[in-house]
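Just entry23.pdb here, PDB, C-alpha atoms:
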```pdb
ATOM      1  CA  MET P  21      12.144   3.401 -23.886  1.00  0.00           C
ATOM      2  CA  ASN P  22      15.114   4.752 -21.956  1.00  0.00           C
ATOM      3  CA  TYR P  23      14.391   5.514 -18.323  1.00  0.00           C
ATOM      4  CA  ARG P  24      16.358   8.254 -16.612  1.00  0.00           C
ATOM      5  CA  ARG P  25      14.103   8.845 -13.612  1.00  0.00           C
ATOM      6  CA  VAL P  26      11.337   6.633 -12.213  1.00  0.00           C
ATOM      7  CA  LEU P  27       8.892   6.504  -9.332  1.00  0.00           C
ATOM      8  CA  LEU P  28       8.802   3.027  -7.807  1.00  0.00           C
ATOM      9  CA  LYS P  29       5.562   2.138  -5.990  1.00  0.00           C
ATOM     10  CA  LEU P  30       5.732  -0.744  -3.520  1.00  0.00           C
ATOM     11  CA  SER P  31       2.968  -2.158  -1.346  1.00  0.00           C
ATOM     12  CA  GLY P  32       3.448  -2.273   2.386  1.00  0.00           C
ATOM     13  CA  GLU P  33       2.494  -5.954   2.339  1.00  0.00           C
ATOM     14  CA  SER P  34       5.478  -6.717   0.093  1.00  0.00           C
ATOM     15  CA  LEU P  35       7.816  -5.657   2.927  1.00  0.00           C
ATOM     16  CA  GLY P  36       6.113  -8.158   5.225  1.00  0.00           C
ATOM     17  CA  GLY P  37       7.312 -11.180   3.254  1.00  0.00           C
ATOM     18  CA  PRO P  38       5.009 -14.207   2.869  1.00  0.00           C
ATOM     19  CA  SER P  39       2.688 -13.138   5.700  1.00  0.00           C
ATOM     20  CA  GLY P  40       2.329  -9.576   4.415  1.00  0.00           C
ATOM     21  CA  LYS P  41       2.521  -8.318   7.994  1.00  0.00           C
ATOM     22  CA  GLY P  42       5.249  -6.473   9.859  1.00  0.00           C
ATOM     23  CA  ILE P  43       8.639  -5.832   8.264  1.00  0.00           C
ATOM     24  CA  SER P  44      10.847  -8.646   7.002  1.00  0.00           C
ATOM     25  CA  GLU P  45      14.566  -7.849   7.189  1.00  0.00           C
ATOM     26  CA  GLU P  46      15.120 -10.290   4.310  1.00  0.00           C
ATOM     27  CA  MET P  47      12.662  -8.430   2.058  1.00  0.00           C
ATOM     28  CA  LEU P  48      14.169  -5.070   3.007  1.00  0.00           C
ATOM     29  CA  ALA P  49      17.636  -6.316   2.093  1.00  0.00           C
ATOM     30  CA  ALA P  50      16.474  -7.907  -1.175  1.00  0.00           C
ATOM     31  CA  TYR P  51      14.635  -4.766  -2.317  1.00  0.00           C
ATOM     32  CA  ALA P  52      17.510  -2.530  -1.243  1.00  0.00           C
ATOM     33  CA  GLU P  53      19.976  -4.553  -3.336  1.00  0.00           C
ATOM     34  CA  GLU P  54      17.728  -4.303  -6.405  1.00  0.00           C
ATOM     35  CA  ILE P  55      17.247  -0.557  -5.951  1.00  0.00           C
ATOM     36  CA  ALA P  56      20.926   0.103  -5.226  1.00  0.00           C
ATOM     37  CA  SER P  57      21.978  -1.832  -8.348  1.00  0.00           C
ATOM     38  CA  ALA P  58      19.634   0.234 -10.512  1.00  0.00           C
ATOM     39  CA  VAL P  59      20.883   3.517  -9.021  1.00  0.00           C
ATOM     40  CA  LYS P  60      24.516   2.482  -9.509  1.00  0.00           C
ATOM     41  CA  ALA P  61      23.632   1.755 -13.158  1.00  0.00           C
ATOM     42  CA  GLY P  62      22.521   5.379 -13.541  1.00  0.00           C
ATOM     43  CA  LEU P  63      18.794   5.381 -12.742  1.00  0.00           C
ATOM     44  CA  GLN P  64      17.273   8.138 -10.597  1.00  0.00           C
ATOM     45  CA  VAL P  65      14.772   6.564  -8.198  1.00  0.00           C
ATOM     46  CA  ALA P  66      12.007   7.923  -5.980  1.00  0.00           C
ATOM     47  CA  ILE P  67       9.942   5.461  -3.931  1.00  0.00           C
ATOM     48  CA  VAL P  68       6.438   5.504  -2.497  1.00  0.00           C
ATOM     49  CA  ILE P  69       5.520   2.627  -0.147  1.00  0.00           C
ATOM     50  CA  GLY P  70       2.107   1.674   1.215  1.00  0.00           C
ATOM     51  CA  GLY P  71       1.467   0.916   4.869  1.00  0.00           C
ATOM     52  CA  GLY P  72      -0.868  -2.091   4.755  1.00  0.00           C
ATOM     53  CA  ASN P  73       1.637  -4.368   6.508  1.00  0.00           C
ATOM     54  CA  ILE P  74       1.292  -2.197   9.626  1.00  0.00           C
ATOM     55  CA  PHE P  75      -2.172  -0.660   9.440  1.00  0.00           C
ATOM     56  CA  ARG P  76      -4.898  -0.519   6.801  1.00  0.00           C
ATOM     57  CA  GLY P  77      -7.190   2.422   7.524  1.00  0.00           C
ATOM     58  CA  LEU P  78     -10.114   1.342   5.344  1.00  0.00           C
ATOM     59  CA  SER P  79     -10.442  -2.063   7.003  1.00  0.00           C
ATOM     60  CA  GLY P  80     -10.691  -0.336  10.375  1.00  0.00           C
ATOM     61  CA  VAL P  81     -13.716   1.724   9.359  1.00  0.00           C
ATOM     62  CA  GLY P  82     -16.784   0.185  10.968  1.00  0.00           C
ATOM     63  CA  LYS P  83     -14.691  -1.265  13.792  1.00  0.00           C
ATOM     64  CA  GLY P  84     -14.558   1.943  15.764  1.00  0.00           C
ATOM     65  CA  PHE P  85     -12.090   3.809  13.525  1.00  0.00           C
ATOM     66  CA  ASP P  86     -13.021   7.126  11.994  1.00  0.00           C
ATOM     67  CA  ARG P  87     -11.882   7.162   8.322  1.00  0.00           C
ATOM     68  CA  VAL P  88      -9.905  10.384   8.698  1.00  0.00           C
ATOM     69  CA  GLN P  89      -8.073   9.163  11.811  1.00  0.00           C
ATOM     70  CA  GLY P  90      -7.558   5.750  10.233  1.00  0.00           C
ATOM     71  CA  ASP P  91      -5.981   7.312   7.165  1.00  0.00           C
ATOM     72  CA  LYS P  92      -3.658   9.343   9.386  1.00  0.00           C
ATOM     73  CA  MET P  93      -2.511   6.101  11.021  1.00  0.00           C
ATOM     74  CA  GLY P  94      -1.950   4.640   7.565  1.00  0.00           C
ATOM     75  CA  MET P  95       0.168   7.663   6.595  1.00  0.00           C
ATOM     76  CA  LEU P  96       2.363   7.141   9.653  1.00  0.00           C
ATOM     77  CA  ALA P  97       2.722   3.457   8.715  1.00  0.00           C
ATOM     78  CA  THR P  98       4.191   4.504   5.353  1.00  0.00           C
ATOM     79  CA  VAL P  99       6.767   6.626   7.182  1.00  0.00           C
ATOM     80  CA  ILE P 100       7.854   3.627   9.276  1.00  0.00           C
ATOM     81  CA  ASN P 101       8.226   1.496   6.130  1.00  0.00           C
ATOM     82  CA  SER P 102      10.149   4.245   4.340  1.00  0.00           C
ATOM     83  CA  LEU P 103      12.558   4.678   7.246  1.00  0.00           C
ATOM     84  CA  GLY P 104      13.213   0.917   7.272  1.00  0.00           C
ATOM     85  CA  LEU P 105      13.847   0.726   3.530  1.00  0.00           C
ATOM     86  CA  SER P 106      16.019   3.851   3.590  1.00  0.00           C
ATOM     87  CA  MET P 107      18.323   2.228   6.167  1.00  0.00           C
ATOM     88  CA  ALA P 108      18.558  -0.926   4.051  1.00  0.00           C
ATOM     89  CA  ILE P 109      19.391   1.103   0.918  1.00  0.00           C
ATOM     90  CA  LYS P 110      22.127   2.958   2.803  1.00  0.00           C
ATOM     91  CA  SER P 111      23.504  -0.418   3.919  1.00  0.00           C
ATOM     92  CA  ALA P 112      23.621  -1.397   0.229  1.00  0.00           C
ATOM     93  CA  GLY P 113      25.916   1.566  -0.432  1.00  0.00           C
ATOM     94  CA  VAL P 114      23.544   4.203  -1.830  1.00  0.00           C
ATOM     95  CA  PRO P 115      22.417   7.426  -0.070  1.00  0.00           C
ATOM     96  CA  ALA P 116      18.714   7.488   0.852  1.00  0.00           C
ATOM     97  CA  GLU P 117      16.512  10.125   2.424  1.00  0.00           C
ATOM     98  CA  VAL P 118      12.914  10.033   3.661  1.00  0.00           C
ATOM     99  CA  PHE P 119      10.688  12.981   2.738  1.00  0.00           C
ATOM    100  CA  THR P 120       7.217  13.319   4.281  1.00  0.00           C
ATOM    101  CA  ALA P 121       4.053  14.977   2.958  1.00  0.00           C
ATOM    102  CA  THR P 122       3.457  16.678   6.309  1.00  0.00           C
ATOM    103  CA  PRO P 123       6.220  18.213   8.475  1.00  0.00           C
ATOM    104  CA  MET P 124       7.832  15.537  10.628  1.00  0.00           C
ATOM    105  CA  MET P 125      11.234  16.894  11.576  1.00  0.00           C
ATOM    106  CA  PRO P 126      13.495  15.500  12.938  1.00  0.00           C
ATOM    107  CA  VAL P 127      12.096  12.096  11.888  1.00  0.00           C
ATOM    108  CA  ALA P 128      12.326  12.977   8.186  1.00  0.00           C
ATOM    109  CA  ARG P 129      12.582  15.924   5.817  1.00  0.00           C
ATOM    110  CA  TYR P 130       9.476  17.818   4.721  1.00  0.00           C
ATOM    111  CA  TYR P 131       8.806  16.960   1.067  1.00  0.00           C
ATOM    112  CA  MET P 132       9.499  19.720  -1.410  1.00  0.00           C
ATOM    113  CA  ARG P 133       9.765  18.627  -5.008  1.00  0.00           C
ATOM    114  CA  ASP P 134      12.956  20.524  -5.835  1.00  0.00           C
ATOM    115  CA  ASP P 135      14.750  19.112  -2.772  1.00  0.00           C
ATOM    116  CA  ALA P 136      13.782  15.533  -3.660  1.00  0.00           C
ATOM    117  CA  VAL P 137      14.815  15.976  -7.316  1.00  0.00           C
ATOM    118  CA  GLU P 138      18.149  17.541  -6.318  1.00  0.00           C
ATOM    119  CA  PHE P 139      18.831  14.613  -3.988  1.00  0.00           C
ATOM    120  CA  MET P 140      18.066  12.108  -6.770  1.00  0.00           C
ATOM    121  CA  GLU P 141      20.259  13.981  -9.260  1.00  0.00           C
ATOM    122  CA  LYS P 142      23.158  13.588  -6.828  1.00  0.00           C
ATOM    123  CA  GLY P 143      22.687   9.807  -6.804  1.00  0.00           C
ATOM    124  CA  GLY P 144      20.426   9.397  -3.779  1.00  0.00           C
ATOM    125  CA  VAL P 145      17.104   7.591  -3.435  1.00  0.00           C
ATOM    126  CA  ALA P 146      14.195   9.798  -2.342  1.00  0.00           C
ATOM    127  CA  LEU P 147      11.575   7.893  -0.327  1.00  0.00           C
ATOM    128  CA  ILE P 148       8.433  10.028  -0.316  1.00  0.00           C
ATOM    129  CA  ALA P 149       6.201   9.001   2.586  1.00  0.00           C
ATOM    130  CA  GLY P 150       2.902  10.041   4.116  1.00  0.00           C
ATOM    131  CA  GLY P 151       0.807   9.647   0.966  1.00  0.00           C
ATOM    132  CA  THR P 152      -0.547  12.962  -0.287  1.00  0.00           C
ATOM    133  CA  GLY P 153      -0.810  14.222   3.281  1.00  0.00           C
ATOM    134  CA  ASN P 154      -4.613  14.056   3.039  1.00  0.00           C
ATOM    135  CA  PRO P 155      -7.191  11.442   4.030  1.00  0.00           C
ATOM    136  CA  PHE P 156      -9.311   9.669   1.374  1.00  0.00           C
ATOM    137  CA  PHE P 157      -6.316   9.274  -0.955  1.00  0.00           C
ATOM    138  CA  THR P 158      -4.411   6.000  -1.318  1.00  0.00           C
ATOM    139  CA  THR P 159      -0.667   5.596  -1.694  1.00  0.00           C
ATOM    140  CA  ASP P 160      -1.379   4.692  -5.338  1.00  0.00           C
ATOM    141  CA  SER P 161      -2.717   8.234  -5.725  1.00  0.00           C
ATOM    142  CA  GLY P 162       0.297   9.555  -3.837  1.00  0.00           C
ATOM    143  CA  ALA P 163       2.613   7.656  -6.182  1.00  0.00           C
ATOM    144  CA  ALA P 164       0.860   9.009  -9.293  1.00  0.00           C
ATOM    145  CA  LEU P 165       1.009  12.563  -7.944  1.00  0.00           C
ATOM    146  CA  ARG P 166       4.712  12.346  -7.031  1.00  0.00           C
ATOM    147  CA  ALA P 167       5.624  10.701 -10.358  1.00  0.00           C
ATOM    148  CA  LEU P 168       4.097  13.645 -12.212  1.00  0.00           C
ATOM    149  CA  GLU P 169       5.642  16.208  -9.857  1.00  0.00           C
ATOM    150  CA  ILE P 170       9.211  14.937 -10.161  1.00  0.00           C
ATOM    151  CA  GLY P 171       8.993  14.480 -13.928  1.00  0.00           C
ATOM    152  CA  ALA P 172       9.447  10.699 -13.857  1.00  0.00           C
ATOM    153  CA  ASP P 173       9.676   8.848 -17.166  1.00  0.00           C
ATOM    154  CA  ALA P 174       7.423   6.114 -15.774  1.00  0.00           C
ATOM    155  CA  LEU P 175       5.640   4.915 -12.667  1.00  0.00           C
ATOM    156  CA  LEU P 176       6.840   1.405 -11.827  1.00  0.00           C
ATOM    157  CA  LYS P 177       4.383  -0.615  -9.766  1.00  0.00           C
ATOM    158  CA  GLY P 178       6.244  -3.487  -8.108  1.00  0.00           C
ATOM    159  CA  THR P 179       3.928  -6.389  -7.280  1.00  0.00           C
ATOM    160  CA  ARG P 180       4.010 -10.156  -6.661  1.00  0.00           C
ATOM    161  CA  VAL P 181       2.910 -10.925 -10.247  1.00  0.00           C
ATOM    162  CA  ASP P 182       4.747 -10.315 -13.498  1.00  0.00           C
ATOM    163  CA  GLY P 183       2.275  -7.912 -15.081  1.00  0.00           C
ATOM    164  CA  VAL P 184      -1.377  -7.179 -15.778  1.00  0.00           C
ATOM    165  CA  TYR P 185      -3.624 -10.160 -16.548  1.00  0.00           C
ATOM    166  CA  THR P 186      -7.131 -10.605 -17.920  1.00  0.00           C
ATOM    167  CA  ALA P 187      -8.037 -11.926 -14.439  1.00  0.00           C
ATOM    168  CA  ASP P 188      -6.257 -12.550 -11.135  1.00  0.00           C
ATOM    169  CA  PRO P 189      -3.584 -15.155 -12.059  1.00  0.00           C
ATOM    170  CA  GLU P 190      -3.416 -16.323  -8.442  1.00  0.00           C
ATOM    171  CA  LYS P 191      -7.103 -17.332  -8.640  1.00  0.00           C
ATOM    172  CA  ASP P 192      -7.705 -18.027 -12.342  1.00  0.00           C
ATOM    173  CA  PRO P 193      -5.224 -20.372 -14.107  1.00  0.00           C
ATOM    174  CA  THR P 194      -6.636 -19.370 -17.523  1.00  0.00           C
ATOM    175  CA  ALA P 195      -5.704 -15.686 -17.033  1.00  0.00           C
ATOM    176  CA  VAL P 196      -3.614 -14.244 -19.884  1.00  0.00           C
ATOM    177  CA  ARG P 197      -0.897 -11.631 -19.390  1.00  0.00           C
ATOM    178  CA  TYR P 198      -0.730  -8.426 -21.415  1.00  0.00           C
ATOM    179  CA  ASP P 199       2.670  -7.260 -22.710  1.00  0.00           C
ATOM    180  CA  GLU P 200       1.216  -3.777 -23.051  1.00  0.00           C
ATOM    181  CA  LEU P 201      -2.165  -2.092 -23.160  1.00  0.00           C
ATOM    182  CA  THR P 202      -3.691   1.363 -23.325  1.00  0.00           C
ATOM    183  CA  PHE P 203      -5.308   3.248 -20.466  1.00  0.00           C
ATOM    184  CA  ASP P 204      -8.612   3.030 -22.366  1.00  0.00           C
ATOM    185  CA  LYS P 205      -8.354  -0.764 -22.718  1.00  0.00           C
ATOM    186  CA  ALA P 206      -7.594  -1.141 -19.015  1.00  0.00           C
ATOM    187  CA  LEU P 207     -10.667   0.961 -18.187  1.00  0.00           C
ATOM    188  CA  GLU P 208     -12.928  -0.896 -20.629  1.00  0.00           C
ATOM    189  CA  ASP P 209     -11.911  -4.295 -19.278  1.00  0.00           C
ATOM    190  CA  HIS P 210     -12.039  -3.155 -15.621  1.00  0.00           C
ATOM    191  CA  LEU P 211      -8.435  -4.240 -15.078  1.00  0.00           C
ATOM    192  CA  LYS P 212      -7.128  -3.420 -11.622  1.00  0.00           C
ATOM    193  CA  VAL P 213      -3.902  -1.634 -12.528  1.00  0.00           C
ATOM    194  CA  MET P 214      -4.197   1.044  -9.818  1.00  0.00           C
ATOM    195  CA  ASP P 215      -7.122   2.643  -8.053  1.00  0.00           C
ATOM    196  CA  GLN P 216      -9.291   4.940 -10.179  1.00  0.00           C
ATOM    197  CA  THR P 217      -7.963   8.257  -8.832  1.00  0.00           C
ATOM    198  CA  ALA P 218      -4.336   7.242  -9.413  1.00  0.00           C
ATOM    199  CA  PHE P 219      -5.175   5.785 -12.812  1.00  0.00           C
ATOM    200  CA  ALA P 220      -6.952   9.003 -13.889  1.00  0.00           C
ATOM    201  CA  LEU P 221      -3.956  11.111 -12.812  1.00  0.00           C
ATOM    202  CA  CYS P 222      -1.550   8.972 -14.854  1.00  0.00           C
ATOM    203  CA  ARG P 223      -3.842   8.944 -17.861  1.00  0.00           C
ATOM    204  CA  GLU P 224      -4.345  12.723 -17.844  1.00  0.00           C
ATOM    205  CA  GLY P 225      -0.647  13.369 -17.242  1.00  0.00           C
ATOM    206  CA  ASN P 226       0.491  10.816 -19.856  1.00  0.00           C
ATOM    207  CA  MET P 227       2.489   8.953 -17.209  1.00  0.00           C
ATOM    208  CA  PRO P 228       3.257   5.398 -18.401  1.00  0.00           C
ATOM    209  CA  ILE P 229       2.729   2.681 -15.774  1.00  0.00           C
ATOM    210  CA  ILE P 230       4.763  -0.521 -15.720  1.00  0.00           C
ATOM    211  CA  VAL P 231       3.388  -3.317 -13.562  1.00  0.00           C
ATOM    212  CA  PHE P 232       6.105  -5.897 -12.841  1.00  0.00           C
ATOM    213  CA  ASP P 233       7.287  -8.537 -10.384  1.00  0.00           C
ATOM    214  CA  MET P 234       9.566  -6.755  -7.917  1.00  0.00           C
ATOM    215  CA  ASN P 235      10.425 -10.056  -6.236  1.00  0.00           C
ATOM    216  CA  ALA P 236      12.173 -11.417  -9.346  1.00  0.00           C
ATOM    217  CA  LYS P 237      15.869 -10.600  -8.989  1.00  0.00           C
ATOM    218  CA  GLY P 238      17.246  -8.313 -11.701  1.00  0.00           C
ATOM    219  CA  ASN P 239      13.875  -7.037 -12.962  1.00  0.00           C
ATOM    220  CA  LEU P 240      14.460  -3.415 -11.977  1.00  0.00           C
ATOM    221  CA  THR P 241      17.910  -3.269 -13.579  1.00  0.00           C
ATOM    222  CA  GLY P 242      16.543  -5.174 -16.579  1.00  0.00           C
ATOM    223  CA  LEU P 243      13.989  -2.438 -17.161  1.00  0.00           C
ATOM    224  CA  ILE P 244      16.613   0.272 -17.510  1.00  0.00           C
ATOM    225  CA  GLU P 245      18.640  -1.982 -19.795  1.00  0.00           C
ATOM    226  CA  GLY P 246      15.689  -2.042 -22.188  1.00  0.00           C
ATOM    227  CA  LYS P 247      14.488  -5.568 -21.434  1.00  0.00           C
ATOM    228  CA  LYS P 248      10.792  -6.405 -21.713  1.00  0.00           C
ATOM    229  CA  VAL P 249       9.695  -6.599 -18.093  1.00  0.00           C
ATOM    230  CA  GLY P 250       6.087  -6.625 -16.885  1.00  0.00           C
ATOM    231  CA  THR P 251       3.165  -4.882 -18.575  1.00  0.00           C
ATOM    232  CA  LEU P 252       3.360  -1.367 -20.007  1.00  0.00           C
ATOM    233  CA  VAL P 253       0.192   0.753 -19.718  1.00  0.00           C
ATOM    234  CA  HIS P 254       0.210   3.878 -21.875  1.00  0.00           C
ATOM    235  CA  LEU P 255      -1.961   6.290 -23.868  1.00  0.00           C
TER     236      LEU P 255
END
```
Take the structure in the file and give it back as structure tokens.
Amino acid sequence: MNYRRVLLKLSGESLGGPSGKGISEEMLAAYAEEIASAVKAGLQVAIVIGGGNIFRGLSGVGKGFDRVQGDKMGMLATVINSLGLSMAIKSAGVPAEVFTATPMMPVARYYMRDDAVEFMEKGGVALIAGGTGNPFFTTDSGAALRALEIGADALLKGTRVDGVYTADPEKDPTAVRYDELTFDKALEDHLKVMDQTAFALCREGNMPIIVFDMNAKGNLTGLIEGKKVGTLVHL
């Protein structure tokens, strides 16, 4: 499949490097180089990043955090991550702009689909932060929603592993990787591709998901060159 426009979903922990906490300048630079190379090769890229390296709202529930307030803190964490990655992408020679689900001027632009798409069509990377702007939704759900809104050809989920496995490959050495699978198969086998809300959105909207190793240099550019990278989940 030829990809013209994609939504890249990254976890907040991935920006933290080995510890998964805080922001690693090395990881920012490495991701920015990968993204910039893909954009220079002609790919239109929007990005949604989690905030778990800074604050994870769900884990705070029961420790004095109200879920709604905790989720708001998580949304702000995604803005911090997006601002950091946008600066790194600019340093790599590609324009980047942060759009937020709730008004946050002058920190970032308020997200409107047409503005983000126009920016991407001019060769810039649109980082869409703040989740959906609502509590009780994950950044996976935000990524699925934005991928459908901007008319992406696929939702790329960058992880630490090279695809979807029958079990967690970091815990089970006998786990087998899928080259591709259907949404129905992933549901039947209880495979953790994305959370259920995000997964349902992609399935209903016929949005292919590619789960791949973002830390392997050249993977993102390889995808747009037609190479087999990661696991494709489709109807």
task = Tell me which protein, DNA and RNA residues are within 7 Å of Thr159 (chain P), counting only C-alpha atoms, leaving out same-chain ones fewer than 4 positions away, and put them as a ChimeraX atom specification.
result = /P:70,151,163
Kindly export the residues of the current selection with C-alpha atoms, as a PDB file, keeping the file's coordinate frame.
```pdb
ATOM      1  CA  GLY P  70       2.107   1.674   1.215  1.00  0.00           C
ATOM      2  CA  GLY P 151       0.807   9.647   0.966  1.00  0.00           C
ATOM      3  CA  ALA P 163       2.613   7.656  -6.182  1.00  0.00           C
TER       4      ALA P 163
END
```
With a cut-off of 7 Å, could you pull out the residues of region 69-140 of chain P touching region 24-33 of chain P and give me the nearest pair of atoms for each, distance in Å to one decimal, using all atoms listed in the file, ordered by chain and ascending number, as CSV?
```
residue,atom,partner,partner_atom,distance
P:Ile69,CA,P:Leu30,CA,4.8
P:Gly70,CA,P:Gly32,CA,4.3
P:Gly71,CA,P:Gly32,CA,4.5
P:Gly72,CA,P:Gly32,CA,4.9
P:Asn73,CA,P:Glu33,CA,4.5
```
inquiry  = At a cut-off of 9 Å, using only C-alpha atoms, what residues contact region 49-66 of chain P? Leave out same-chain residues fewer than 2 positions from it and give the result as an MDAnalysis selection string.
reply    = chainID P and resid 23:29 35 44:47 68 105:114 136:137 140:148 166:167 170 172 234:235 237:242 244
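Comparing P:Ala218, P:Val213, P:Met125, P:Met95 by their smallest distance to Val253 (chain P), the closest is P:Val213 (using all atoms listed in the file).
The residue set within 6 Å of Ala174 (chain P), counting all atoms listed in the file and dropping same-chain residues fewer than 5 places from it, reads Val26, Met227, Pro228 and Ile229 of chain P.
Taking all atoms listed in the file into account, Leu252 (chain P) lies nearest to P:Leu176 out of the set P:Ala195, P:Leu176, P:Met214, P:Leu168.
Evaluated against the shown file, the PyMOL selection byres ((chain P and resi 120) around 8) gives Val99, Val118, Phe119, Ala121, Thr122, Pro123, Met124, Ala128, Arg129, Tyr130, Tyr131, Ile148, Ala149 and Gly150 of chain P.
Taking only C-alpha atoms, the non-local environment of Phe203 (chain P) within 7 Å (same-chain residues fewer than 6 positions away omitted) comprises P:Arg223, P:Val253, P:His254, P:Leu255.
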Keeping C-alpha atoms, export the residues of the selection given above as a PDB file, in the coordinates of the input.
```pdb
ATOM      1  CA  ARG P 223      -3.842   8.944 -17.861  1.00  0.00           C
ATOM      2  CA  VAL P 253       0.192   0.753 -19.718  1.00  0.00           C
ATOM      3  CA  HIS P 254       0.210   3.878 -21.875  1.00  0.00           C
ATOM      4  CA  LEU P 255      -1.961   6.290 -23.868  1.00  0.00           C
TER       5      LEU P 255
END
```
task = Select, from P:Asn226, P:Val127, P:Val249, P:Gly94, the residue with the minimum atom-to-atom distance to Thr158 (chain P), counting all atoms listed in the file.
result = P:Gly94
What box, with edges along x, y and z, holds each listed atom of region 187-191 of chain P when 6 Å is added on every side, and can you state its centre and edge lengths in Å to one decimal, as AutoDock Vina command-line options?
```
--center_x -5.7 --center_y -14.6 --center_z -11.4 --size_x 16.6 --size_y 17.4 --size_z 18.0
```
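Straight-line separation from CA of Val88 (chain P) to CA of Leu48 (chain P): 29.2 Å.
The gap separating CA of Arg180 (chain P) from CA of Leu165 (chain P) is 23.0 Å, in Å to one decimal.
Note that the spacing between CA of Phe156 (chain P) and CA of Pro126 (chain P) amounts to 26.2 Å.
Closest approach to Thr251 (chain P) among P:Pro155, P:Gly178, P:Gly90, P:Gly40 is made by P:Gly178 (distances from all atoms listed in the file).
Nearest to Asp215 (chain P) of all the residues P:Tyr185, P:Tyr198, P:Phe75, P:Phe157 is P:Phe157, counting only C-alpha atoms.
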ask   = Taking into account all atoms listed in the file, which residue in the set P:Arg197, P:Lys177, P:Lys248, P:Arg133 is nearest to Asn22 (chain P)?
value = P:Lys248
